[in-house]
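A.B. asks: Provided herewith: run-v3.pdb, PDB, C-alpha atoms, pLDDT in the B column.
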ATOM      1  CA  MET A 261      -6.492   4.392 -45.796  1.00 35.00           C
ATOM      2  CA  GLU A 262      -9.487   4.358 -48.111  1.00 46.00           C
ATOM      3  CA  LYS A 263      -9.643   1.455 -50.520  1.00 58.00           C
ATOM      4  CA  LEU A 264      -9.991   2.671 -54.066  1.00 76.00           C
ATOM      5  CA  VAL A 265     -11.424  -0.591 -55.381  1.00 86.00           C
ATOM      6  CA  GLU A 266     -15.198  -0.222 -55.331  1.00 86.00           C
ATOM      7  CA  GLY A 267     -17.033  -2.317 -52.785  1.00 89.00           C
ATOM      8  CA  ALA A 268     -19.039  -4.204 -55.402  1.00 90.00           C
ATOM      9  CA  VAL A 269     -15.862  -5.114 -57.284  1.00 92.00           C
ATOM     10  CA  ALA A 270     -14.096  -6.285 -54.128  1.00 91.00           C
ATOM     11  CA  GLU A 271     -17.149  -8.283 -53.084  1.00 92.00           C
ATOM     12  CA  ALA A 272     -17.329  -9.955 -56.492  1.00 92.00           C
ATOM     13  CA  LEU A 273     -13.650 -10.871 -56.229  1.00 93.00           C
ATOM     14  CA  TYR A 274     -14.130 -12.408 -52.780  1.00 92.00           C
ATOM     15  CA  ASP A 275     -17.213 -14.301 -53.960  1.00 92.00           C
ATOM     16  CA  GLY A 276     -16.105 -15.106 -57.517  1.00 86.00           C
ATOM     17  CA  GLY A 277     -13.339 -17.611 -57.031  1.00 83.00           C
ATOM     18  CA  GLY A 278     -10.125 -18.322 -58.903  1.00 88.00           C
ATOM     19  CA  GLU A 279     -11.084 -17.802 -62.521  1.00 90.00           C
ATOM     20  CA  ALA A 280     -12.827 -14.463 -61.841  1.00 92.00           C
ATOM     21  CA  ILE A 281      -9.770 -13.284 -59.902  1.00 95.00           C
ATOM     22  CA  ARG A 282      -7.391 -14.421 -62.643  1.00 95.00           C
ATOM     23  CA  LEU A 283      -9.341 -12.606 -65.361  1.00 95.00           C
ATOM     24  CA  TYR A 284      -9.555  -9.443 -63.263  1.00 96.00           C
ATOM     25  CA  VAL A 285      -5.815  -9.273 -62.567  1.00 97.00           C
ATOM     26  CA  ALA A 286      -4.920 -10.173 -66.163  1.00 96.00           C
ATOM     27  CA  ALA A 287      -6.950  -7.212 -67.362  1.00 97.00           C
ATOM     28  CA  CYS A 288      -5.416  -4.867 -64.771  1.00 97.00           C
ATOM     29  CA  ALA A 289      -1.901  -5.934 -65.785  1.00 98.00           C
ATOM     30  CA  GLU A 290      -2.705  -5.585 -69.491  1.00 97.00           C
ATOM     31  CA  ARG A 291      -3.848  -1.995 -68.978  1.00 98.00           C
ATOM     32  CA  MET A 292      -0.620  -1.157 -67.141  1.00 98.00           C
ATOM     33  CA  ALA A 293       1.749  -3.044 -69.460  1.00 98.00           C
ATOM     34  CA  PRO A 294       2.338  -0.174 -71.911  1.00 98.00           C
ATOM     35  CA  LEU A 295       3.473   1.988 -69.021  1.00 97.00           C
ATOM     36  CA  PHE A 296       6.207  -0.435 -68.052  1.00 98.00           C
ATOM     37  CA  VAL A 297       7.220  -1.704 -71.472  1.00 97.00           C
ATOM     38  CA  GLY A 298       6.924   1.663 -73.192  1.00 96.00           C
ATOM     39  CA  LEU A 299       8.666   3.656 -70.494  1.00 96.00           C
ATOM     40  CA  ARG A 300      11.525   1.172 -70.073  1.00 97.00           C
ATOM     41  CA  ALA A 301      12.066   0.298 -73.744  1.00 95.00           C
ATOM     42  CA  GLY A 302      15.527   1.254 -74.911  1.00 92.00           C
ATOM     43  CA  GLU A 303      17.073   1.321 -71.437  1.00 94.00           C
ATOM     44  CA  PRO A 304      20.410  -0.487 -71.570  1.00 95.00           C
ATOM     45  CA  GLY A 305      20.390  -3.804 -69.760  1.00 95.00           C
ATOM     46  CA  ARG A 306      16.596  -3.999 -69.392  1.00 96.00           C
ATOM     47  CA  GLU A 307      15.823  -6.231 -72.380  1.00 96.00           C
ATOM     48  CA  ALA A 308      15.316  -9.341 -70.226  1.00 96.00           C
ATOM     49  CA  ASP A 309      13.061  -7.385 -67.838  1.00 97.00           C
ATOM     50  CA  LEU A 310      10.929  -6.175 -70.742  1.00 97.00           C
ATOM     51  CA  ASP A 311      10.624  -9.686 -72.143  1.00 97.00           C
ATOM     52  CA  PHE A 312       9.764 -11.095 -68.711  1.00 97.00           C
ATOM     53  CA  TYR A 313       7.128  -8.422 -68.130  1.00 97.00           C
ATOM     54  CA  ALA A 314       5.459  -8.951 -71.527  1.00 97.00           C
ATOM     55  CA  GLU A 315       5.534 -12.753 -71.201  1.00 96.00           C
ATOM     56  CA  SER A 316       4.097 -12.572 -67.680  1.00 97.00           C
ATOM     57  CA  VAL A 317       1.184 -10.395 -68.783  1.00 97.00           C
ATOM     58  CA  ARG A 318       0.522 -12.764 -71.685  1.00 96.00           C
ATOM     59  CA  ASP A 319       0.540 -15.750 -69.334  1.00 96.00           C
ATOM     60  CA  LEU A 320      -1.932 -14.076 -66.979  1.00 96.00           C
ATOM     61  CA  TRP A 321      -4.612 -14.311 -69.670  1.00 94.00           C
ATOM     62  CA  HIS A 322      -4.737 -18.078 -69.177  1.00 93.00           C
ATOM     63  CA  ALA A 323      -7.467 -17.543 -66.594  1.00 87.00           C
ATOM     64  CA  ASP A 324      -8.566 -21.170 -66.616  1.00 88.00           C
ATOM     65  CA  ARG A 325      -5.523 -22.231 -64.580  1.00 88.00           C
ATOM     66  CA  PRO A 326      -3.124 -20.664 -62.073  1.00 86.00           C
ATOM     67  CA  LEU A 327       0.381 -19.662 -63.132  1.00 86.00           C
ATOM     68  CA  ALA A 328       2.713 -22.634 -62.974  1.00 84.00           C
ATOM     69  CA  ASP A 329       5.721 -21.028 -61.281  1.00 88.00           C
ATOM     70  CA  ALA A 330       4.430 -17.747 -59.915  1.00 90.00           C
ATOM     71  CA  ALA A 331       6.705 -17.754 -56.857  1.00 90.00           C
ATOM     72  CA  ASN A 332       9.789 -17.716 -59.076  1.00 94.00           C
ATOM     73  CA  GLY A 333       8.252 -15.056 -61.277  1.00 94.00           C
ATOM     74  CA  VAL A 334       7.415 -12.839 -58.309  1.00 95.00           C
ATOM     75  CA  ARG A 335      10.985 -13.195 -57.015  1.00 95.00           C
ATOM     76  CA  GLN A 336      12.336 -12.210 -60.425  1.00 96.00           C
ATOM     77  CA  LEU A 337       9.998  -9.238 -60.605  1.00 96.00           C
ATOM     78  CA  GLU A 338      10.950  -8.111 -57.109  1.00 95.00           C
ATOM     79  CA  ARG A 339      14.553  -7.738 -58.315  1.00 96.00           C
ATOM     80  CA  PHE A 340      13.454  -5.060 -60.808  1.00 97.00           C
ATOM     81  CA  PRO A 341      14.872  -1.625 -59.917  1.00 95.00           C
ATOM     82  CA  GLU A 342      11.315  -0.235 -59.758  1.00 95.00           C
ATOM     83  CA  LEU A 343      10.530  -2.407 -56.738  1.00 95.00           C
ATOM     84  CA  GLN A 344      13.763  -1.756 -54.835  1.00 92.00           C
ATOM     85  CA  PRO A 345      13.675   0.491 -51.750  1.00 87.00           C
ATOM     86  CA  ASN A 346      14.682   4.053 -52.495  1.00 84.00           C
ATOM     87  CA  GLU A 347      15.399   6.434 -49.627  1.00 86.00           C
ATOM     88  CA  GLU A 348      14.860   9.470 -51.841  1.00 86.00           C
ATOM     89  CA  GLY A 349      11.471   8.339 -53.104  1.00 85.00           C
ATOM     90  CA  ILE A 350      10.311   8.338 -56.684  1.00 88.00           C
ATOM     91  CA  THR A 351       9.866  11.730 -58.330  1.00 85.00           C
ATOM     92  CA  ASP A 352      10.514  11.141 -62.034  1.00 91.00           C
ATOM     93  CA  VAL A 353       7.284  10.777 -64.032  1.00 94.00           C
ATOM     94  CA  ALA A 354       8.455   7.719 -65.978  1.00 94.00           C
ATOM     95  CA  ASP A 355       9.735   6.066 -62.804  1.00 95.00           C
ATOM     96  CA  ILE A 356       6.438   6.627 -60.981  1.00 95.00           C
ATOM     97  CA  TYR A 357       4.307   4.947 -63.636  1.00 97.00           C
ATOM     98  CA  ALA A 358       6.821   2.144 -64.246  1.00 97.00           C
ATOM     99  CA  PHE A 359       6.738   1.493 -60.485  1.00 97.00           C
ATOM    100  CA  PHE A 360       2.942   1.217 -60.442  1.00 98.00           C
ATOM    101  CA  ALA A 361       3.023  -1.074 -63.481  1.00 98.00           C
ATOM    102  CA  ALA A 362       5.572  -3.351 -61.792  1.00 98.00           C
ATOM    103  CA  LEU A 363       3.601  -3.310 -58.531  1.00 98.00           C
ATOM    104  CA  CYS A 364       0.407  -4.172 -60.410  1.00 98.00           C
ATOM    105  CA  LEU A 365       2.123  -7.136 -62.081  1.00 98.00           C
ATOM    106  CA  ARG A 366       3.493  -8.338 -58.745  1.00 98.00           C
ATOM    107  CA  TYR A 367       0.042  -8.439 -57.176  1.00 97.00           C
ATOM    108  CA  ALA A 368      -1.450  -9.877 -60.362  1.00 97.00           C
ATOM    109  CA  MET A 369       0.985 -12.769 -60.353  1.00 97.00           C
ATOM    110  CA  LEU A 370       0.359 -13.456 -56.674  1.00 96.00           C
ATOM    111  CA  ALA A 371      -3.428 -13.353 -57.082  1.00 96.00           C
ATOM    112  CA  HIS A 372      -3.368 -15.402 -60.273  1.00 95.00           C
ATOM    113  CA  SER A 373      -1.403 -18.207 -58.692  1.00 93.00           C
ATOM    114  CA  SER A 374      -3.157 -18.304 -55.322  1.00 92.00           C
ATOM    115  CA  GLY A 375      -6.685 -17.116 -56.101  1.00 92.00           C
ATOM    116  CA  ASN A 376      -6.300 -14.739 -53.165  1.00 94.00           C
ATOM    117  CA  ALA A 377      -8.855 -11.923 -53.424  1.00 95.00           C
ATOM    118  CA  ASP A 378      -6.769  -9.659 -51.158  1.00 95.00           C
ATOM    119  CA  ASP A 379      -3.936  -9.724 -53.700  1.00 96.00           C
ATOM    120  CA  ALA A 380      -6.430  -9.043 -56.503  1.00 96.00           C
ATOM    121  CA  VAL A 381      -7.816  -6.038 -54.611  1.00 96.00           C
ATOM    122  CA  SER A 382      -4.249  -4.792 -54.062  1.00 96.00           C
ATOM    123  CA  CYS A 383      -3.597  -5.178 -57.789  1.00 97.00           C
ATOM    124  CA  GLY A 384      -6.672  -3.101 -58.608  1.00 97.00           C
ATOM    125  CA  HIS A 385      -5.754  -0.563 -55.939  1.00 96.00           C
ATOM    126  CA  ALA A 386      -2.292  -0.034 -57.480  1.00 97.00           C
ATOM    127  CA  VAL A 387      -3.862   0.654 -60.870  1.00 97.00           C
ATOM    128  CA  LEU A 388      -6.476   3.016 -59.443  1.00 97.00           C
ATOM    129  CA  THR A 389      -3.811   4.924 -57.501  1.00 96.00           C
ATOM    130  CA  ALA A 390      -1.762   5.415 -60.666  1.00 97.00           C
ATOM    131  CA  MET A 391      -4.806   6.543 -62.626  1.00 97.00           C
ATOM    132  CA  GLY A 392      -5.823   8.964 -59.872  1.00 95.00           C
ATOM    133  CA  MET A 393      -2.352  10.496 -60.045  1.00 95.00           C
ATOM    134  CA  LEU A 394      -2.579  10.716 -63.818  1.00 96.00           C
ATOM    135  CA  ASP A 395      -5.947  12.466 -63.555  1.00 95.00           C
ATOM    136  CA  GLN A 396      -4.401  15.020 -61.188  1.00 94.00           C
ATOM    137  CA  ASN A 397      -1.636  15.793 -63.661  1.00 92.00           C
ATOM    138  CA  VAL A 398      -3.455  15.768 -67.004  1.00 92.00           C
ATOM    139  CA  PRO A 399      -6.109  18.478 -67.337  1.00 91.00           C
ATOM    140  CA  GLY A 400      -9.542  17.043 -68.094  1.00 92.00           C
ATOM    141  CA  ALA A 401      -8.404  13.429 -67.801  1.00 93.00           C
ATOM    142  CA  ARG A 402     -10.833  10.735 -66.621  1.00 96.00           C
ATOM    143  CA  PHE A 403      -8.511   7.757 -66.313  1.00 97.00           C
ATOM    144  CA  LEU A 404      -9.668   6.899 -62.787  1.00 95.00           C
ATOM    145  CA  ALA A 405     -13.329   6.728 -63.807  1.00 94.00           C
ATOM    146  CA  GLU A 406     -12.428   4.652 -66.873  1.00 96.00           C
ATOM    147  CA  GLU A 407     -10.378   2.255 -64.744  1.00 96.00           C
ATOM    148  CA  ARG A 408     -13.288   1.793 -62.357  1.00 95.00           C
ATOM    149  CA  ARG A 409     -15.546   1.031 -65.315  1.00 94.00           C
ATOM    150  CA  LEU A 410     -13.058  -1.478 -66.714  1.00 95.00           C
ATOM    151  CA  GLN A 411     -12.603  -3.162 -63.346  1.00 95.00           C
ATOM    152  CA  THR A 412     -16.352  -3.679 -63.179  1.00 93.00           C
ATOM    153  CA  LEU A 413     -16.379  -4.923 -66.778  1.00 91.00           C
ATOM    154  CA  SER A 414     -13.647  -7.447 -65.978  1.00 91.00           C
ATOM    155  CA  LEU A 415     -15.998  -9.268 -63.631  1.00 88.00           C
ATOM    156  CA  ARG A 416     -18.435 -10.084 -66.434  1.00 82.00           C
ATOM    157  CA  GLY A 417     -16.249 -12.884 -67.791  1.00 68.00           C
ATOM    158  CA  ASP A 418     -15.918 -11.846 -71.478  1.00 71.00           C
ATOM    159  CA  ALA A 419     -12.162 -12.122 -71.965  1.00 75.00           C
ATOM    160  CA  SER A 420     -12.123 -11.131 -75.647  1.00 75.00           C
ATOM    161  CA  GLY A 421     -13.971  -7.836 -75.201  1.00 88.00           C
ATOM    162  CA  LEU A 422     -12.064  -7.179 -72.011  1.00 92.00           C
ATOM    163  CA  TRP A 423      -8.722  -7.761 -73.687  1.00 92.00           C
ATOM    164  CA  ASP A 424      -9.588  -5.297 -76.476  1.00 92.00           C
ATOM    165  CA  ALA A 425     -10.754  -2.668 -73.994  1.00 94.00           C
ATOM    166  CA  SER A 426      -7.681  -3.199 -71.806  1.00 96.00           C
ATOM    167  CA  VAL A 427      -5.251  -2.865 -74.718  1.00 95.00           C
ATOM    168  CA  ALA A 428      -6.953   0.349 -75.878  1.00 96.00           C
ATOM    169  CA  ALA A 429      -6.953   1.799 -72.356  1.00 97.00           C
ATOM    170  CA  GLY A 430      -3.286   0.924 -71.895  1.00 97.00           C
ATOM    171  CA  ARG A 431      -2.376   2.766 -75.082  1.00 97.00           C
ATOM    172  CA  GLU A 432      -4.293   5.860 -73.969  1.00 97.00           C
ATOM    173  CA  ARG A 433      -2.532   5.854 -70.620  1.00 97.00           C
ATOM    174  CA  PHE A 434       0.845   5.524 -72.258  1.00 97.00           C
ATOM    175  CA  ARG A 435       0.116   8.458 -74.576  1.00 95.00           C
ATOM    176  CA  ALA A 436      -0.945  10.574 -71.597  1.00 96.00           C
ATOM    177  CA  VAL A 437       2.212   9.770 -69.653  1.00 96.00           C
ATOM    178  CA  LEU A 438       4.352  10.453 -72.726  1.00 93.00           C
ATOM    179  CA  GLY A 439       2.642  13.843 -72.951  1.00 91.00           C
ATOM    180  CA  ARG A 440       3.734  14.550 -69.376  1.00 88.00           C
ATOM    181  CA  LEU A 441       7.324  13.617 -70.233  1.00 87.00           C
ATOM    182  CA  THR A 442       7.584  16.152 -73.051  1.00 70.00           C
ATOM    183  CA  ARG A 443       6.465  19.134 -70.969  1.00 59.00           C
TER     184      ARG A 443
END
Give the structure from the file, written as C-alpha cells.
C.D. replies:
Amino acid sequence: MEKLVEGAVAEALYDGGGEAIRLYVAACAERMAPLFVGLRAGEPGREADLDFYAESVRDLWHADRPLADAANGVRQLERFPELQPNEEGITDVADIYAFFAALCLRYAMLAHSSGNADDAVSCGHAVLTAMGMLDQNVPGARFLAEERRLQTLSLRGDASGLWDASVAAGRERFRAVLGRLTR
C-alpha cells in the first residue's frame, strides 16, 4: 500500500526526534478534533468520551515532554465504539470521519509518548486518508493538498502559528462533513 505521508515529511519525523514528532501529531489531532467532537456531540452517553478526546488533544500540545500516562489513555480510547471491530464495516458519513479522528488520536498518543516515528507516520496517514475521502465526496475540495501543506508546516517548529492553522483547518473540515450529512 502506498504511504500517503510525503517522503520528506516522514524523513523529517525519523530524523527529528521526540519534540518534532510530538508537535506533528498534536497538530494532526487538532485538525481532526472537530470531526470527532462535533460529530459525536449530543450523543447520549458519550459525554465522557468527548471530554477525554478534547483533553487528550489539549495535552498533546505539550510537545516539550511525552504524555504521562499514554498507555492508559490509549486503552481508554480503544474502548470507544469507533475503534471496535464491526463486521458490517462503516458506511455512515459521520461514523467514517469520527473513526478516522479516533484513529488519528490513537496514533498521536502512541507517538507522543514513545517518540516513535512509525506511529507519527501512521497518525499522518490516517488524516491524509480521511482528507482524500473528503476530496472525493466534496466537489472542488482540496483538503488532501491542504493537509499535506500543514503536515510540512508542522515540522517547522512554530507551535503558535501551527495551532491557529490547525484549528482553522479543523473547522473547515467539519463544515464540509456537515454539508455531506445534510444531502
A.B. asks: Find the nearest atom pair between each residue of region 277-318 of chain A and region 384-390 of chain A for residues within 12 Å, count only C-alpha atoms, give distances in Å to one decimal, sort rows by chain and ascending number, and present the table as CSV.
C.D. replies:
residue,atom,partner,partner_atom,distance
A:Ile281,CA,A:Gly384,CA,10.7
A:Leu283,CA,A:Gly384,CA,12.0
A:Tyr284,CA,A:Gly384,CA,8.4
A:Val285,CA,A:Gly384,CA,7.4
A:Ala286,CA,A:Gly384,CA,10.5
A:Ala287,CA,A:Gly384,CA,9.7
A:Cys288,CA,A:Gly384,CA,6.5
A:Ala289,CA,A:Val387,CA,8.5
A:Glu290,CA,A:Val387,CA,10.7
A:Arg291,CA,A:Val387,CA,8.5
A:Met292,CA,A:Val387,CA,7.3
A:Ala293,CA,A:Val387,CA,10.9
A:Leu295,CA,A:Ala390,CA,10.4
A.B. asks: Using CA of Leu299 (chain A) and CA of Val353 (chain A) as the two end points, give the distance in Å to one decimal.
C.D. replies: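 The value is 9.7 Å.
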A.B. asks: Mind giving me the axis-aligned box for region 349-352 of chain A with 5 Å on every side, centre plus edges in Å to one decimal, as JSON?
C.D. replies:
{"center_x": 10.7, "center_y": 10.0, "center_z": -57.6, "size_x": 11.6, "size_y": 13.4, "size_z": 18.9}
A.B. asks: Near Arg408 (chain A), counting all atoms listed in the file, which residues have an atom at most 9 Å away, once you skip same-chain residues fewer than 6 positions from it, shown as a PyMOL selection string?
C.D. replies: chain A and resi 264-266+269+388
A.B. asks: Every residue with an atom at most 10 Å from (6.5, 16.6, -68.9) (file coordinates; all atoms listed in the file) is what I'm after, so could you write them as a list in words?
C.D. replies: Asp352, Val353, Ala354, Asn397, Ala436, Val437, Leu438, Gly439, Arg440, Leu441, Thr442 and Arg443 of chain A
A.B. asks: What do you get, as number ranges by chain, if you spell out every residue that the PyMOL selection byres ((chain A and resi 320-333) around 8) selects here?
C.D. replies: A: 279-280, 282-283, 285-287, 316-319, 334-337, 368-370, 372-375
A.B. asks: CA of Gly267 (chain A) and CA of Ala377 (chain A), how far apart in Å?
C.D. replies: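 That distance, rounded to one decimal, is 12.6 Å.
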A.B. asks: Please indicate the distance in Å from CA of Arg339 (chain A) to CA of Leu310 (chain A), rounded to one decimal place.
C.D. replies: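 CA of Leu310 (chain A) lies 13.0 Å from CA of Arg339 (chain A).
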A.B. asks: Could you give me, as a list of chain:residue names, the residues that have an atom at most 10 Å away from the point (14.5, 0.1, -60.3) in the coordinates of the file, using all atoms listed in the file?
C.D. replies: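 Here is the list of nearby residues: A:Glu338, A:Arg339, A:Phe340, A:Pro341, A:Glu342, A:Leu343, A:Gln344, A:Pro345, A:Asn346, A:Ile350, A:Asp355, A:Ala358, A:Phe359, A:Ala362.
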A.B. asks: Compare A:Gly278, A:Leu413, A:Glu271, A:Pro294 by their minimum atom-to-atom distance to Val427 (chain A), counting all atoms listed in the file, and give me the closest one.
C.D. replies: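 Of A:Gly278, A:Leu413, A:Glu271, A:Pro294, the one nearest Val427 (chain A), counting all atoms listed in the file, is A:Pro294.
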A.B. asks: Compare A:Val297, A:Val381, A:Ala268, A:Ala314 by their minimum atom-to-atom distance to Arg431 (chain A), counting all atoms listed in the file, and give me the closest one.
C.D. replies: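 Looking at the shortest contact to Arg431 (chain A), the residue is A:Val297.
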A.B. asks: Which residue is closest to Leu273 (chain A)? Choose from A:Ser420, A:Thr412, A:Gln396, A:Ser426 and count all atoms listed in the file.
C.D. replies: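 Nearest candidate to Leu273 (chain A) out of A:Ser420, A:Thr412, A:Gln396, A:Ser426: A:Thr412.
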A.B. asks: Check the smallest atom-to-atom distance from each of A:Arg433, A:Ala428, A:Leu410, A:Ala308 to Met393 (chain A) using only C-alpha atoms, then report the winner.
C.D. replies: A:Arg433
A.B. asks: With only C-alpha atoms as the atoms that count, which of A:Ala429, A:Phe296, A:Ala301, A:Glu307 lies nearest to Ile356 (chain A)?
C.D. replies: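 Selected residue with least distance to Ile356 (chain A): A:Phe296.
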A.B. asks: Since the input lacks atoms, please generate N, CA and C atoms for region 384-413 of chain A and provide them as a compact mmCIF listing (two decimals), keeping the file's coordinate frame.
C.D. replies:
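And here's part.txt as it stands now:
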# COMPACT_ATOMS: atom_id res chain seq x y z
N GLY A 384 -5.76 -4.14 -58.14
CA GLY A 384 -6.67 -3.10 -58.61
C GLY A 384 -6.40 -1.76 -57.95
N HIS A 385 -6.06 -1.78 -56.68
CA HIS A 385 -5.75 -0.56 -55.94
C HIS A 385 -4.53 0.14 -56.53
N ALA A 386 -3.50 -0.62 -56.89
CA ALA A 386 -2.29 -0.03 -57.48
C ALA A 386 -2.64 0.67 -58.79
N VAL A 387 -3.48 0.05 -59.60
CA VAL A 387 -3.86 0.65 -60.87
C VAL A 387 -4.69 1.92 -60.63
N LEU A 388 -5.64 1.85 -59.73
CA LEU A 388 -6.48 3.02 -59.44
C LEU A 388 -5.65 4.17 -58.87
N THR A 389 -4.68 3.87 -58.04
CA THR A 389 -3.81 4.92 -57.50
C THR A 389 -3.06 5.62 -58.63
N ALA A 390 -2.50 4.84 -59.54
CA ALA A 390 -1.76 5.42 -60.67
C ALA A 390 -2.67 6.27 -61.54
N MET A 391 -3.89 5.79 -61.77
CA MET A 391 -4.81 6.54 -62.63
C MET A 391 -5.30 7.81 -61.93
N GLY A 392 -5.47 7.76 -60.62
CA GLY A 392 -5.82 8.96 -59.87
C GLY A 392 -4.73 10.01 -59.98
N MET A 393 -3.48 9.57 -59.89
CA MET A 393 -2.35 10.50 -60.04
C MET A 393 -2.32 11.08 -61.45
N LEU A 394 -2.59 10.24 -62.44
CA LEU A 394 -2.58 10.72 -63.82
C LEU A 394 -3.69 11.75 -64.03
N ASP A 395 -4.85 11.49 -63.47
CA ASP A 395 -5.95 12.47 -63.56
C ASP A 395 -5.54 13.81 -62.95
N GLN A 396 -4.82 13.78 -61.85
CA GLN A 396 -4.40 15.02 -61.19
C GLN A 396 -3.40 15.81 -62.01
N ASN A 397 -2.71 15.14 -62.91
CA ASN A 397 -1.64 15.79 -63.66
C ASN A 397 -1.93 16.02 -65.14
N VAL A 398 -3.07 15.56 -65.61
CA VAL A 398 -3.46 15.77 -67.00
C VAL A 398 -4.81 16.47 -67.00
N PRO A 399 -4.85 17.73 -67.38
CA PRO A 399 -6.11 18.48 -67.34
C PRO A 399 -7.23 17.77 -68.11
N GLY A 400 -8.37 17.63 -67.46
CA GLY A 400 -9.54 17.04 -68.09
C GLY A 400 -9.53 15.53 -68.21
N ALA A 401 -8.51 14.89 -67.68
CA ALA A 401 -8.40 13.43 -67.80
C ALA A 401 -9.44 12.74 -66.92
N ARG A 402 -9.87 11.54 -67.36
CA ARG A 402 -10.83 10.74 -66.62
C ARG A 402 -10.37 9.28 -66.56
N PHE A 403 -9.07 9.10 -66.35
CA PHE A 403 -8.51 7.76 -66.31
C PHE A 403 -9.01 6.96 -65.11
N LEU A 404 -9.19 7.60 -63.98
CA LEU A 404 -9.67 6.90 -62.79
C LEU A 404 -11.08 6.36 -63.01
N ALA A 405 -11.96 7.18 -63.54
CA ALA A 405 -13.33 6.73 -63.81
C ALA A 405 -13.34 5.60 -64.83
N GLU A 406 -12.50 5.70 -65.86
CA GLU A 406 -12.43 4.65 -66.87
C GLU A 406 -11.89 3.36 -66.27
N GLU A 407 -10.91 3.46 -65.39
CA GLU A 407 -10.38 2.26 -64.74
C GLU A 407 -11.44 1.60 -63.87
N ARG A 408 -12.20 2.38 -63.17
CA ARG A 408 -13.29 1.79 -62.36
C ARG A 408 -14.29 1.06 -63.24
N ARG A 409 -14.61 1.67 -64.38
CA ARG A 409 -15.55 1.03 -65.32
C ARG A 409 -14.96 -0.29 -65.83
N LEU A 410 -13.69 -0.27 -66.18
CA LEU A 410 -13.06 -1.48 -66.71
C LEU A 410 -12.90 -2.56 -65.65
N GLN A 411 -12.67 -2.16 -64.41
CA GLN A 411 -12.60 -3.16 -63.35
C GLN A 411 -13.95 -3.85 -63.16
N THR A 412 -15.01 -3.08 -63.26
CA THR A 412 -16.35 -3.68 -63.18
C THR A 412 -16.60 -4.59 -64.38
N LEU A 413 -16.21 -4.13 -65.55
CA LEU A 413 -16.38 -4.92 -66.78
C LEU A 413 -15.61 -6.24 -66.68
